[in-house]
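Peer 1: File data_20.cif follows (mmCIF, C-alpha atoms):
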```cif
data_run
#
loop_
_atom_site.label_atom_id
_atom_site.label_comp_id
_atom_site.auth_asym_id
_atom_site.auth_seq_id
_atom_site.Cartn_x
_atom_site.Cartn_y
_atom_site.Cartn_z
CA MET A 210 406.33 161.43 185.35
CA PRO A 211 403.07 159.62 184.47
CA GLN A 212 399.88 161.52 185.22
CA ARG A 213 398.00 160.36 188.33
CA PRO A 214 394.55 158.90 187.65
CA LYS A 215 391.64 161.10 188.67
CA ILE A 216 388.18 160.16 189.93
CA LEU A 217 385.07 162.27 190.38
CA LEU A 218 383.86 161.31 193.88
CA VAL A 219 380.22 162.27 194.37
CA GLY A 220 378.67 162.95 197.76
CA GLN A 221 381.39 161.62 200.07
CA LEU A 222 381.29 163.49 203.39
CA SER A 223 384.73 164.97 204.07
CA THR A 224 384.38 164.36 207.83
CA PHE A 225 384.87 160.65 207.19
CA PRO A 226 388.55 160.35 206.21
CA TRP A 227 388.96 156.82 204.88
CA VAL A 228 388.25 157.17 201.16
CA PHE A 229 390.48 160.24 201.04
CA ASP A 230 393.28 158.47 202.90
CA SER A 231 392.98 155.43 200.66
CA ALA A 232 393.09 157.55 197.53
CA GLU A 233 396.32 159.12 198.75
CA ARG A 234 397.84 155.69 199.43
CA ALA A 235 396.78 154.48 196.00
CA GLY A 236 398.10 157.56 194.20
CA ILE A 237 394.67 158.67 192.96
CA ASP A 238 393.52 162.30 192.74
CA LEU A 239 389.94 163.20 193.59
CA VAL A 240 387.56 165.79 192.22
CA LEU A 241 385.04 165.99 195.06
CA VAL A 242 381.37 166.83 194.66
CA PRO A 243 380.55 167.61 198.32
CA ARG A 244 377.51 166.17 200.01
CA GLY A 245 374.73 168.70 200.46
CA ASP A 246 375.39 169.08 204.19
CA ASP A 247 379.17 169.39 203.76
CA SER A 248 381.05 172.67 203.46
CA VAL A 249 383.27 173.59 200.53
CA ALA A 250 385.99 174.66 202.96
CA ALA A 251 386.01 171.24 204.67
CA ALA A 252 385.90 169.46 201.31
CA ARG A 253 388.99 171.35 200.14
CA ARG A 254 390.95 170.19 203.20
CA ALA A 255 390.33 166.48 202.56
CA LYS A 256 393.41 164.49 201.54
CA SER A 257 393.94 163.79 197.83
CA VAL A 258 391.24 166.29 196.77
CA VAL A 259 392.63 168.41 193.94
CA GLU A 260 389.37 170.11 193.01
CA VAL A 261 385.96 170.75 194.61
CA LEU A 262 382.90 170.86 192.36
CA PRO A 263 379.79 171.94 194.32
CA LEU A 264 376.58 170.73 192.68
CA ASP A 265 372.92 170.62 193.71
CA ILE A 266 372.23 167.00 192.80
CA ASP A 267 369.11 166.76 194.99
CA GLY A 268 367.54 170.02 193.85
CA ASP A 269 368.61 170.19 190.20
CA PRO A 270 370.05 166.87 188.97
CA GLU A 271 369.83 167.82 185.27
CA SER A 272 371.95 170.92 185.77
CA ALA A 273 374.40 168.95 187.92
CA LEU A 274 374.72 166.32 185.19
CA SER A 275 375.29 168.97 182.52
CA THR A 276 378.04 170.53 184.63
CA ILE A 277 379.76 167.16 185.06
CA VAL A 278 379.59 166.44 181.32
CA ALA A 279 381.02 169.89 180.53
CA ARG A 280 383.76 169.41 183.13
CA PHE A 281 384.64 166.01 181.62
CA ARG A 282 384.84 167.40 178.08
CA ARG A 283 387.07 170.25 179.21
CA ASP A 284 389.40 168.10 181.33
CA PRO A 285 388.55 164.38 181.36
CA PHE A 286 388.71 162.38 184.58
CA ASP A 287 389.20 158.61 184.60
CA GLY A 288 386.32 157.38 186.76
CA ILE A 289 383.30 158.34 188.81
CA MET A 290 382.18 156.84 192.15
CA ALA A 291 379.24 157.33 194.53
CA GLY A 292 380.02 158.30 198.10
CA ASN A 293 376.54 157.90 199.58
CA GLU A 294 373.32 156.00 199.05
CA LYS A 295 371.19 158.76 197.55
CA VAL A 296 373.50 159.51 194.61
CA VAL A 297 373.95 155.91 193.36
CA PRO A 298 371.38 156.23 190.51
CA PHE A 299 372.73 159.66 189.54
CA VAL A 300 376.30 158.36 189.36
CA ALA A 301 375.20 155.36 187.29
CA ARG A 302 373.56 157.70 184.79
CA ALA A 303 376.64 159.93 184.65
CA ALA A 304 378.93 156.92 184.17
CA ARG A 305 376.85 155.75 181.21
CA MET A 306 376.85 159.17 179.57
CA LEU A 307 380.62 159.52 180.00
CA GLY A 308 381.49 155.95 179.04
CA LEU A 309 383.10 155.23 182.42
CA PRO A 310 382.99 152.03 184.52
CA GLY A 311 379.98 151.74 186.79
CA LEU A 312 376.62 150.14 187.47
CA PRO A 313 374.02 150.00 184.72
CA GLU A 314 371.22 152.43 185.51
CA GLU A 315 368.62 149.68 185.85
CA VAL A 316 370.82 147.91 188.42
CA ALA A 317 371.36 151.15 190.36
CA ALA A 318 367.57 151.47 190.53
CA VAL A 319 367.25 147.92 191.87
CA VAL A 320 369.69 148.41 194.75
CA ARG A 321 367.92 151.62 195.72
CA ASP A 322 364.55 149.88 195.99
CA LYS A 323 363.90 147.16 198.56
CA ARG A 324 360.75 146.08 196.69
CA SER A 325 362.77 145.24 193.58
CA MET A 326 365.40 143.45 195.64
CA ARG A 327 362.79 141.28 197.37
CA ARG A 328 361.18 140.28 194.05
CA LEU A 329 364.49 139.39 192.43
CA LEU A 330 365.58 137.36 195.45
CA HIS A 331 362.34 135.37 195.31
CA GLU A 332 362.76 134.80 191.57
CA ALA A 333 366.32 133.58 192.11
CA GLY A 334 365.24 131.13 194.81
CA LEU A 335 367.14 133.02 197.50
CA GLY A 336 365.88 133.76 200.99
CA ALA A 337 363.76 136.87 201.54
CA PRO A 338 361.10 137.82 204.08
CA GLY A 339 357.48 137.81 203.02
CA PHE A 340 356.47 141.35 202.14
CA VAL A 341 353.75 143.67 200.90
CA SER A 342 354.43 146.89 199.01
CA LEU A 343 352.17 149.84 199.81
CA ASP A 344 351.72 152.60 197.23
CA SER A 345 349.59 154.67 199.60
CA PRO A 346 349.32 154.91 203.40
CA ASP A 347 345.62 154.13 203.01
CA ARG A 348 346.53 150.65 201.75
CA TRP A 349 347.80 149.52 205.17
CA ALA A 350 345.22 146.71 205.33
CA ASP A 351 347.06 144.94 202.49
CA ALA A 352 349.72 144.04 205.06
CA LEU A 353 347.26 142.08 207.19
CA THR A 354 348.01 139.05 205.02
CA LEU A 355 351.43 138.88 206.68
CA ARG A 356 352.29 137.10 209.92
CA PHE A 357 352.95 139.47 212.83
CA PRO A 358 355.31 140.85 213.99
CA VAL A 359 356.17 142.83 210.87
CA VAL A 360 358.62 145.59 210.04
CA VAL A 361 357.50 148.80 208.34
CA LYS A 362 360.23 150.58 206.38
CA PRO A 363 360.75 152.98 203.48
CA ALA A 364 361.30 151.21 200.17
CA ASN A 365 364.31 153.43 199.49
CA GLY A 366 365.57 154.31 202.97
CA TYR A 367 368.91 154.15 204.76
CA SER A 368 370.37 154.16 208.30
CA SER A 369 367.19 152.77 209.90
CA LEU A 370 365.25 155.95 209.13
CA GLY A 371 361.56 155.20 209.48
CA VAL A 372 362.07 151.50 210.27
CA VAL A 373 359.59 150.27 212.89
CA ARG A 374 358.68 146.85 214.26
CA VAL A 375 354.92 146.36 214.61
CA ASP A 376 353.62 143.56 216.83
CA GLY A 377 349.91 143.84 216.11
CA LYS A 378 347.21 145.33 213.91
CA ASP A 379 346.55 148.23 216.28
CA GLN A 380 350.10 149.52 215.79
CA LEU A 381 350.13 149.13 212.02
CA VAL A 382 348.15 152.22 210.97
CA PRO A 383 350.24 154.80 212.92
CA ALA A 384 353.50 153.09 211.94
CA VAL A 385 352.65 153.14 208.22
CA ALA A 386 351.49 156.77 208.47
CA ARG A 387 354.68 157.87 210.24
CA THR A 388 356.99 156.03 207.85
CA TRP A 389 355.09 157.38 204.86
CA GLU A 390 355.46 160.91 206.22
CA LEU A 391 359.23 160.42 206.54
CA CYS A 392 359.35 159.13 202.97
CA GLU A 393 357.63 162.29 201.79
CA THR A 394 359.78 164.69 203.80
CA GLU A 395 363.19 162.98 203.85
CA LEU A 396 363.38 160.49 201.00
CA ARG A 397 361.36 161.65 197.99
CA GLN A 398 364.44 162.88 196.11
CA ALA A 399 366.25 159.64 196.97
CA GLY A 400 363.60 157.47 195.36
CA GLY A 401 363.82 154.85 192.69
CA PRO A 402 362.82 155.56 189.10
CA ALA A 403 361.08 158.94 188.92
CA GLY A 404 361.79 159.46 192.62
CA GLU A 405 358.76 157.41 193.62
CA VAL A 406 357.85 157.03 197.28
CA GLY A 407 356.75 153.74 198.78
CA VAL A 408 356.55 151.79 202.02
CA LEU A 409 357.42 148.15 202.50
CA VAL A 410 355.85 145.95 205.19
CA GLU A 411 357.69 142.67 205.67
CA GLU A 412 357.67 139.79 208.11
CA TYR A 413 360.04 140.23 211.03
CA LEU A 414 362.88 137.72 211.03
CA ASP A 415 364.02 136.58 214.44
CA GLY A 416 367.80 136.31 214.72
CA PRO A 417 370.99 138.36 214.90
CA GLU A 418 372.04 140.71 212.12
CA VAL A 419 375.29 140.60 210.15
CA ALA A 420 376.78 142.65 207.33
CA ALA A 421 379.12 141.79 204.47
CA GLU A 422 381.48 144.08 202.56
CA SER A 423 382.24 142.98 199.00
CA LEU A 424 384.16 143.98 195.89
CA VAL A 425 382.85 143.24 192.38
CA HIS A 426 384.89 143.47 189.17
CA HIS A 427 383.66 142.24 185.78
CA GLY A 428 381.01 140.20 187.61
CA ARG A 429 383.43 138.45 189.95
CA VAL A 430 382.45 138.92 193.61
CA ARG A 431 384.78 138.76 196.60
CA VAL A 432 383.32 138.98 200.11
CA CYS A 433 386.04 140.88 201.99
CA ALA A 434 384.63 140.94 205.52
CA ILE A 435 381.63 139.67 207.47
CA GLU A 436 380.66 141.80 210.47
CA TRP A 437 378.55 141.13 213.55
CA LYS A 438 375.78 143.60 214.36
CA GLY A 439 374.02 141.47 216.95
CA GLU A 440 370.46 141.19 218.16
CA MET A 441 368.32 144.08 216.93
CA THR A 442 364.76 143.41 218.01
CA GLY A 443 363.15 146.84 217.69
CA PRO A 444 360.74 148.54 217.92
CA TYR A 445 363.34 150.81 216.29
CA PHE A 446 366.60 149.58 214.82
CA GLU A 447 369.25 152.04 215.96
CA GLU A 448 372.67 150.62 215.16
CA THR A 449 375.14 151.02 218.02
CA THR A 450 377.86 148.39 217.56
CA VAL A 451 379.45 146.56 214.65
CA ARG A 452 382.38 144.16 215.17
CA ALA A 453 384.60 142.37 212.69
CA PRO A 454 385.36 139.65 211.92
CA ALA A 455 382.09 138.01 212.95
CA GLN A 456 382.72 135.06 215.26
CA LEU A 457 380.58 132.43 213.56
CA PRO A 458 381.02 128.76 212.60
CA ALA A 459 382.70 128.14 209.25
CA ASP A 460 379.53 126.67 207.72
CA VAL A 461 377.48 129.75 208.67
CA LEU A 462 380.14 132.08 207.25
CA ALA A 463 380.14 130.03 204.04
CA ALA A 464 376.34 130.24 203.84
CA ILE A 465 376.46 134.02 204.28
CA GLU A 466 379.06 134.34 201.53
CA ALA A 467 377.04 132.15 199.16
CA GLU A 468 373.87 134.19 199.81
CA VAL A 469 375.70 137.48 199.23
CA ILE A 470 377.27 136.29 195.98
CA GLY A 471 373.92 134.93 194.80
CA ALA A 472 372.28 138.29 195.50
CA HIS A 473 374.90 140.12 193.41
CA HIS A 474 374.06 137.87 190.48
CA ALA A 475 370.31 138.22 191.04
CA PHE A 476 370.51 142.02 191.10
CA GLY A 477 373.00 142.27 188.24
CA VAL A 478 375.69 144.05 190.27
CA THR A 479 378.90 143.61 188.27
CA GLU A 480 381.15 146.54 189.24
CA GLY A 481 382.06 148.40 192.41
CA THR A 482 381.77 147.77 196.12
CA THR A 483 378.71 146.72 198.11
CA HIS A 484 377.44 146.68 201.68
CA THR A 485 374.95 143.87 202.33
CA GLU A 486 372.86 143.36 205.48
CA LEU A 487 371.38 140.01 206.46
CA ARG A 488 369.50 138.32 209.30
CA LEU A 489 370.59 134.93 210.61
CA VAL A 490 367.29 133.16 211.17
CA GLY A 491 367.71 130.83 214.12
CA GLY A 492 371.29 132.06 214.27
CA VAL A 493 372.29 129.96 211.24
CA ARG A 494 370.26 130.68 208.08
CA PRO A 495 371.18 133.93 206.30
CA VAL A 496 368.36 135.94 204.73
CA LEU A 497 369.26 139.11 202.86
CA LEU A 498 367.61 142.34 203.99
CA GLU A 499 369.21 144.83 201.62
CA MET A 500 372.26 145.65 199.54
CA ALA A 501 373.82 149.07 198.99
CA ALA A 502 376.12 149.68 196.02
CA ARG A 503 378.66 151.83 197.82
CA ILE A 504 381.04 151.68 200.78
CA GLY A 505 378.95 151.15 203.91
CA GLY A 506 378.61 153.73 206.66
CA ALA A 507 380.24 156.59 204.70
CA GLY A 508 383.51 154.68 205.06
CA VAL A 509 383.11 153.19 208.54
CA ASN A 510 382.85 149.70 207.03
CA HIS A 511 386.07 150.34 205.11
CA TYR A 512 387.82 150.70 208.47
CA LEU A 513 386.39 147.42 209.74
CA THR A 514 387.36 145.62 206.54
CA HIS A 515 390.85 147.09 206.51
CA ILE A 516 391.62 145.88 210.04
CA ALA A 517 389.72 142.59 210.11
CA GLY A 518 390.08 141.58 206.46
CA GLY A 519 393.41 143.17 205.55
CA ILE A 520 391.86 144.72 202.42
CA ASP A 521 392.04 148.44 201.66
CA LEU A 522 388.40 148.44 200.59
CA ALA A 523 388.20 152.11 199.59
CA ALA A 524 391.39 151.95 197.50
CA GLU A 525 390.13 148.81 195.77
CA ALA A 526 386.76 150.44 195.08
CA LEU A 527 388.52 153.43 193.50
CA ARG A 528 390.62 151.07 191.34
CA ILE A 529 387.50 149.26 190.14
CA HIS A 530 385.92 152.58 189.14
CA LEU A 531 389.08 153.32 187.16
CA GLY A 532 388.55 150.06 185.30
CA GLN A 533 391.45 148.37 187.10
CA GLU A 534 391.58 144.94 188.72
CA PRO A 535 391.69 145.04 192.53
CA VAL A 536 395.09 144.36 194.07
CA CYS A 537 393.59 141.75 196.40
CA TRP A 538 392.70 139.64 193.35
CA SER A 539 396.40 138.75 193.07
CA GLN A 540 397.87 139.54 196.51
CA GLU A 541 396.46 137.69 199.51
CA PRO A 542 395.53 140.23 202.23
CA VAL A 543 396.75 139.94 205.81
CA PRO A 544 394.26 140.82 208.58
CA THR A 545 395.77 142.75 211.49
CA GLY A 546 393.24 142.16 214.28
CA HIS A 547 389.69 142.77 215.38
CA ALA A 548 387.84 146.04 214.83
CA ALA A 549 384.73 147.68 216.21
CA ALA A 550 382.55 150.68 215.50
CA TYR A 551 380.46 152.10 218.34
CA SER A 552 377.80 154.72 217.61
CA VAL A 553 376.75 156.76 220.63
CA PRO A 554 372.99 156.24 221.03
CA VAL A 555 370.77 159.20 220.20
CA GLY A 556 368.54 158.55 223.21
CA LYS A 557 365.66 160.97 223.71
CA GLY A 558 366.99 163.41 221.12
CA GLY A 559 366.93 167.18 221.23
CA ARG A 560 369.39 170.03 220.80
CA ILE A 561 372.92 168.87 221.67
CA VAL A 562 374.87 170.51 224.48
CA ARG A 563 377.81 168.07 224.43
CA VAL A 564 378.77 164.42 224.20
CA HIS A 565 380.30 163.54 227.57
CA GLY A 566 383.40 161.35 227.75
CA LEU A 567 384.82 161.88 224.25
CA ASP A 568 388.09 163.49 225.36
CA ALA A 569 389.11 160.43 227.37
CA VAL A 570 388.04 158.12 224.55
CA ARG A 571 390.14 160.05 222.01
CA ALA A 572 393.21 159.49 224.20
CA ASP A 573 392.63 155.73 224.48
CA PRO A 574 395.32 153.81 222.54
CA ARG A 575 392.69 151.36 221.28
CA VAL A 576 390.85 154.14 219.47
CA ASP A 577 391.88 155.05 215.94
CA HIS A 578 389.10 157.49 215.03
CA VAL A 579 386.34 159.49 216.69
CA VAL A 580 384.03 160.93 214.05
CA GLN A 581 381.46 163.64 214.72
CA THR A 582 379.18 165.03 212.04
CA VAL A 583 376.97 166.92 214.51
CA GLY A 584 377.88 169.02 217.52
CA PRO A 585 376.66 171.51 220.12
CA GLY A 586 373.56 173.33 218.96
CA ASP A 587 372.56 170.70 216.40
CA LEU A 588 369.15 169.09 216.66
CA LEU A 589 368.92 165.29 216.72
CA ARG A 590 365.57 163.58 216.40
CA PRO A 591 365.01 160.26 218.19
CA TYR A 592 364.36 157.08 216.22
CA PRO A 593 362.63 156.29 213.97
CA ASP A 594 363.28 159.89 212.79
CA TRP A 595 367.01 159.31 212.34
CA ALA A 596 368.95 162.55 211.78
CA GLY A 597 372.57 161.60 212.47
CA TYR A 598 374.93 160.00 214.98
CA PRO A 599 376.18 161.99 217.99
CA ALA A 600 379.63 160.35 217.56
CA ILE A 601 381.18 157.18 216.17
CA VAL A 602 384.18 155.53 217.87
CA LEU A 603 386.36 153.17 215.81
CA SER A 604 388.75 150.92 217.69
CA HIS A 605 391.09 147.98 217.19
CA HIS A 606 391.49 144.98 219.52
CA GLU A 607 393.37 141.73 219.96
CA SER A 608 390.20 139.65 220.21
CA ASP A 609 386.45 139.85 219.80
CA ALA A 610 386.06 139.46 223.57
CA ALA A 611 388.23 142.55 224.07
CA ALA A 612 386.07 144.43 221.57
CA VAL A 613 382.93 143.47 223.50
CA GLU A 614 384.50 144.58 226.77
CA PHE A 615 385.45 147.93 225.23
CA ARG A 616 381.94 148.35 223.81
CA ASP A 617 380.52 147.92 227.31
CA HIS A 618 383.02 150.48 228.61
CA LEU A 619 381.94 153.00 225.96
CA ALA A 620 378.26 152.40 226.75
CA ARG A 621 378.97 153.32 230.38
CA THR A 622 381.26 156.24 229.54
CA LEU A 623 379.65 158.14 226.66
CA HIS A 624 376.32 159.91 226.73
CA VAL A 625 374.69 162.90 225.06
CA GLU A 626 373.56 165.93 227.04
CA TYR A 627 370.62 167.76 225.48
CA GLU A 628 369.18 171.16 226.28
CA GLU A 629 366.37 171.04 228.79
CA GLU A 630 362.96 171.35 227.20
CA SER A 631 361.27 174.66 227.93
#
```
Now, as a test, write the supplied structure out as structure tokens.
Peer 2:
Amino acid sequence: MPQRPKILLVGQLSTFPWVFDSAERAGIDLVLVPRGDDSVAAARRAKSVVEVLPLDIDGDPESALSTIVARFRRDPFDGIMAGNEKVVPFVARAARMLGLPGLPEEVAAVVRDKRSMRRLLHEAGLGAPGFVSLDSPDRWADALTLRFPVVVKPANGYSSLGVVRVDGKDQLVPAVARTWELCETELRQAGGPAGEVGVLVEEYLDGPEVAAESLVHHGRVRVCAIEWKGEMTGPYFEETTVRAPAQLPADVLAAIEAEVIGAHHAFGVTEGTTHTELRLVGGVRPVLLEMAARIGGAGVNHYLTHIAGGIDLAAEALRIHLGQEPVCWSQEPVPTGHAAAYSVPVGKGGRIVRVHGLDAVRADPRVDHVVQTVGPGDLLRPYPDWAGYPAIVLSHHESDAAAVEFRDHLARTLHVEYEEES
């Protein structure tokens, strides 16, 4: 019997099942490096995981890298893949040292730094908001050259952490100070080259937001799904609903696809899977906000792509990191319906007592997954201090209208109870 291929999967949270399920379907074994907030016991229970390798990538990346190299020399694996945003540069470095497929290190640095992405988009003649990069919170006045409203955000952030809309000069100083503080406390180890911290101030683009999930192999890009995120006007940008496929005119979808493919070429992304977020200015002109070189939403966007696009995104990503051509290159996928992801709003935040309504939602035949990474006793901070989602509900539907109706039902049904403040 031929030996099953094996991939070192770095930082994929075991609570999100999709990559593990896809690996099992594809006949791929996983050596899992758990995320820092995951438990070894939970990691061992994940499907297709044949070995767990706990490493302190945030605290001691050099030691972690040495352990991976030693593990590879002792018993080689066939690929390495990043499971979350923070480890993308680390995985690129490891892939280079081991001679495995992956992003070049300089490209991994680009897609972890919104400043670099903006500059390269401008150089390539692609759309990008006007922006100013701040290397100190005291340099806030540099952003006064921009047209208000503006958006203040970490240069290397994720999940809307520290992202704030500012409508006037009087709001700019506290917003920059707060975002800078979050960069220092939450994001320093997730920085670009040398872990640098920085804040971006960019012009606010008026229009709905969309996302695109793509596969890239040997420089060839395939946009697998385009998702609708809707109007997100701020002041904070908490994501509650994503639906796929996006119900947009064919010319707008084509424009989104062209912009996404152009951005891959501008950034030099040639291998792997990407999650790209864009604004539709005036509802029609796509402008790229950011690209992440990993499966979006810890696997949530795999679910949306699998239902709405018919592509097993996680399995294809694993194949690419094994140096294989994706199956969907030669076999036309068959979508099976409409899909939606609903994140229960954090609200005021606090220490969780319970999320009301989840039992009934779990029993609903439209619901395929309810994912919880936090529970009773955990502390959630309100936006912009994002600290996690109370729960995420993934559902399938016959139409986009049905998905909208179900979203409204969930908004009425689910809410978080927090401990009363003393």
Peer 1: Could you spell out the hits of the PyMOL selection byres ((chain A and resi 479) around 10) on the shown file, as a PDB file with C-alpha atoms, in the frame of the given file?
Peer 2:
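What follows is the written file part_31.pdb:
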```
ATOM      1  CA  GLY A 311     379.980 151.740 186.790  1.00  0.00           C
ATOM      2  CA  LEU A 312     376.620 150.140 187.470  1.00  0.00           C
ATOM      3  CA  PRO A 313     374.020 150.000 184.720  1.00  0.00           C
ATOM      4  CA  VAL A 316     370.820 147.910 188.420  1.00  0.00           C
ATOM      5  CA  LEU A 424     384.160 143.980 195.890  1.00  0.00           C
ATOM      6  CA  VAL A 425     382.850 143.240 192.380  1.00  0.00           C
ATOM      7  CA  HIS A 426     384.890 143.470 189.170  1.00  0.00           C
ATOM      8  CA  HIS A 427     383.660 142.240 185.780  1.00  0.00           C
ATOM      9  CA  GLY A 428     381.010 140.200 187.610  1.00  0.00           C
ATOM     10  CA  ARG A 429     383.430 138.450 189.950  1.00  0.00           C
ATOM     11  CA  VAL A 430     382.450 138.920 193.610  1.00  0.00           C
ATOM     12  CA  HIS A 473     374.900 140.120 193.410  1.00  0.00           C
ATOM     13  CA  HIS A 474     374.060 137.870 190.480  1.00  0.00           C
ATOM     14  CA  PHE A 476     370.510 142.020 191.100  1.00  0.00           C
ATOM     15  CA  GLY A 477     373.000 142.270 188.240  1.00  0.00           C
ATOM     16  CA  VAL A 478     375.690 144.050 190.270  1.00  0.00           C
ATOM     17  CA  GLU A 480     381.150 146.540 189.240  1.00  0.00           C
ATOM     18  CA  GLY A 481     382.060 148.400 192.410  1.00  0.00           C
ATOM     19  CA  THR A 482     381.770 147.770 196.120  1.00  0.00           C
TER      20      THR A 482
END
```
Peer 1: Return as a list of chain:residue names the set of residues that the PyMOL selection byres ((chain A and resi 575) around 6) yields on the displayed structure.
Peer 2: A:Asp573, A:Pro574, A:Val576, A:Ser604, A:His605
Peer 1: Can you turn the PyMOL selection byres ((chain A and resi 580-590) around 12) into a concrete residue list for this file, as an MDAnalysis selection string?
Peer 2: chainID A and resid 222:227 246:248 251 370:371 506:509 550:565 567 570:571 576:579 591:604 625:628
Peer 1: Could you tell me which of A:Gly407, A:Gly377, A:Gly308, A:Pro458 comes closest to Cys392 in chain A if we count only C-alpha atoms?
Peer 2: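 Smallest separation from Cys392 in chain A among the options: A:Gly407.
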Peer 1: Would you mind listing what lies within 10 Å of Ile277 in chain A as a tab-separated table (two decimals) with C-alpha atoms, keeping the file's coordinate frame, with only C-alpha atoms counted and same-chain residues fewer than 2 positions away left out?
Peer 2:
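Result saved to part_35.tsv:
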```tsv
chain	number	residue	atom	x	y	z
A	217	LEU	CA	385.07	162.27	190.38
A	242	VAL	CA	381.37	166.83	194.66
A	262	LEU	CA	382.90	170.86	192.36
A	264	LEU	CA	376.58	170.73	192.68
A	271	GLU	CA	369.83	167.82	185.27
A	272	SER	CA	371.95	170.92	185.77
A	273	ALA	CA	374.40	168.95	187.92
A	274	LEU	CA	374.72	166.32	185.19
A	275	SER	CA	375.29	168.97	182.52
A	279	ALA	CA	381.02	169.89	180.53
A	280	ARG	CA	383.76	169.41	183.13
A	281	PHE	CA	384.64	166.01	181.62
A	282	ARG	CA	384.84	167.40	178.08
A	283	ARG	CA	387.07	170.25	179.21
A	285	PRO	CA	388.55	164.38	181.36
A	303	ALA	CA	376.64	159.93	184.65
A	307	LEU	CA	380.62	159.52	180.00
```
Peer 1: Which of these residues is nearest to Ala434 in chain A, using all atoms listed in the file: A:Ala611, A:Met326, A:Val219, A:Leu513?
Peer 2: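 Nearest to Ala434 in chain A: A:Leu513.
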Peer 1: Taking into account all atoms listed in the file, which residue in the set A:Val359, A:Leu522, A:Val543, A:Val469 is nearest to Val410 in chain A?
Peer 2: A:Val359
Peer 1: Name the closest residue to Phe615 in chain A among the candidates A:Pro263, A:Asp351, A:Arg452, A:Ile470; distances are taken between atoms, counting only C-alpha atoms.
Peer 2: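 Closest to Phe615 in chain A of all the choices is A:Arg452.
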Peer 1: Could you tell me which of A:Met500, A:Leu381, A:Ile516, A:Val461 comes closest to Leu487 in chain A if we count all atoms listed in the file?
Peer 2: A:Met500
Peer 1: So that I can see what lies close to Ala526 in chain A, please list as number ranges by chain the residues with an atom at most 12 Å from it, counting all atoms listed in the file and leaving out residues fewer than 2 positions away in the same chain.
Peer 2: A: 216, 218, 227-228, 231-232, 235, 237, 288-292, 310-311, 422-426, 431, 433, 480-483, 502-505, 508, 511, 520-524, 528-537
Peer 1: With 3 Å added on each side, what axis-aligned box encloses every listed atom of range 476-494 of chain A? Give the centre and edge lengths in Å to one decimal, as lines of an AutoDock Vina configuration file.
Peer 2:
```
center_x = 374.7
center_y = 139.2
center_z = 201.3
size_x = 20.8
size_y = 24.4
size_z = 32.0
```
Peer 1: Take CA of Gly439 in chain A and CA of Gly416 in chain A and report the distance between them in Å, one decimal.
Peer 2: 8.4 Å
Peer 1: Kindly give the distance, in Å, that separates CA of Tyr445 in chain A and CA of Asn510 in chain A, rounded to a single decimal.
Peer 2: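 Value for the CA of Tyr445 in chain A-CA of Asn510 in chain A distance: 21.6 Å.
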Peer 1: Have a look at CA of Asp344 in chain A and CA of Glu390 in chain A and let me know their distance in Å, one decimal.
Peer 2: 12.8 Å
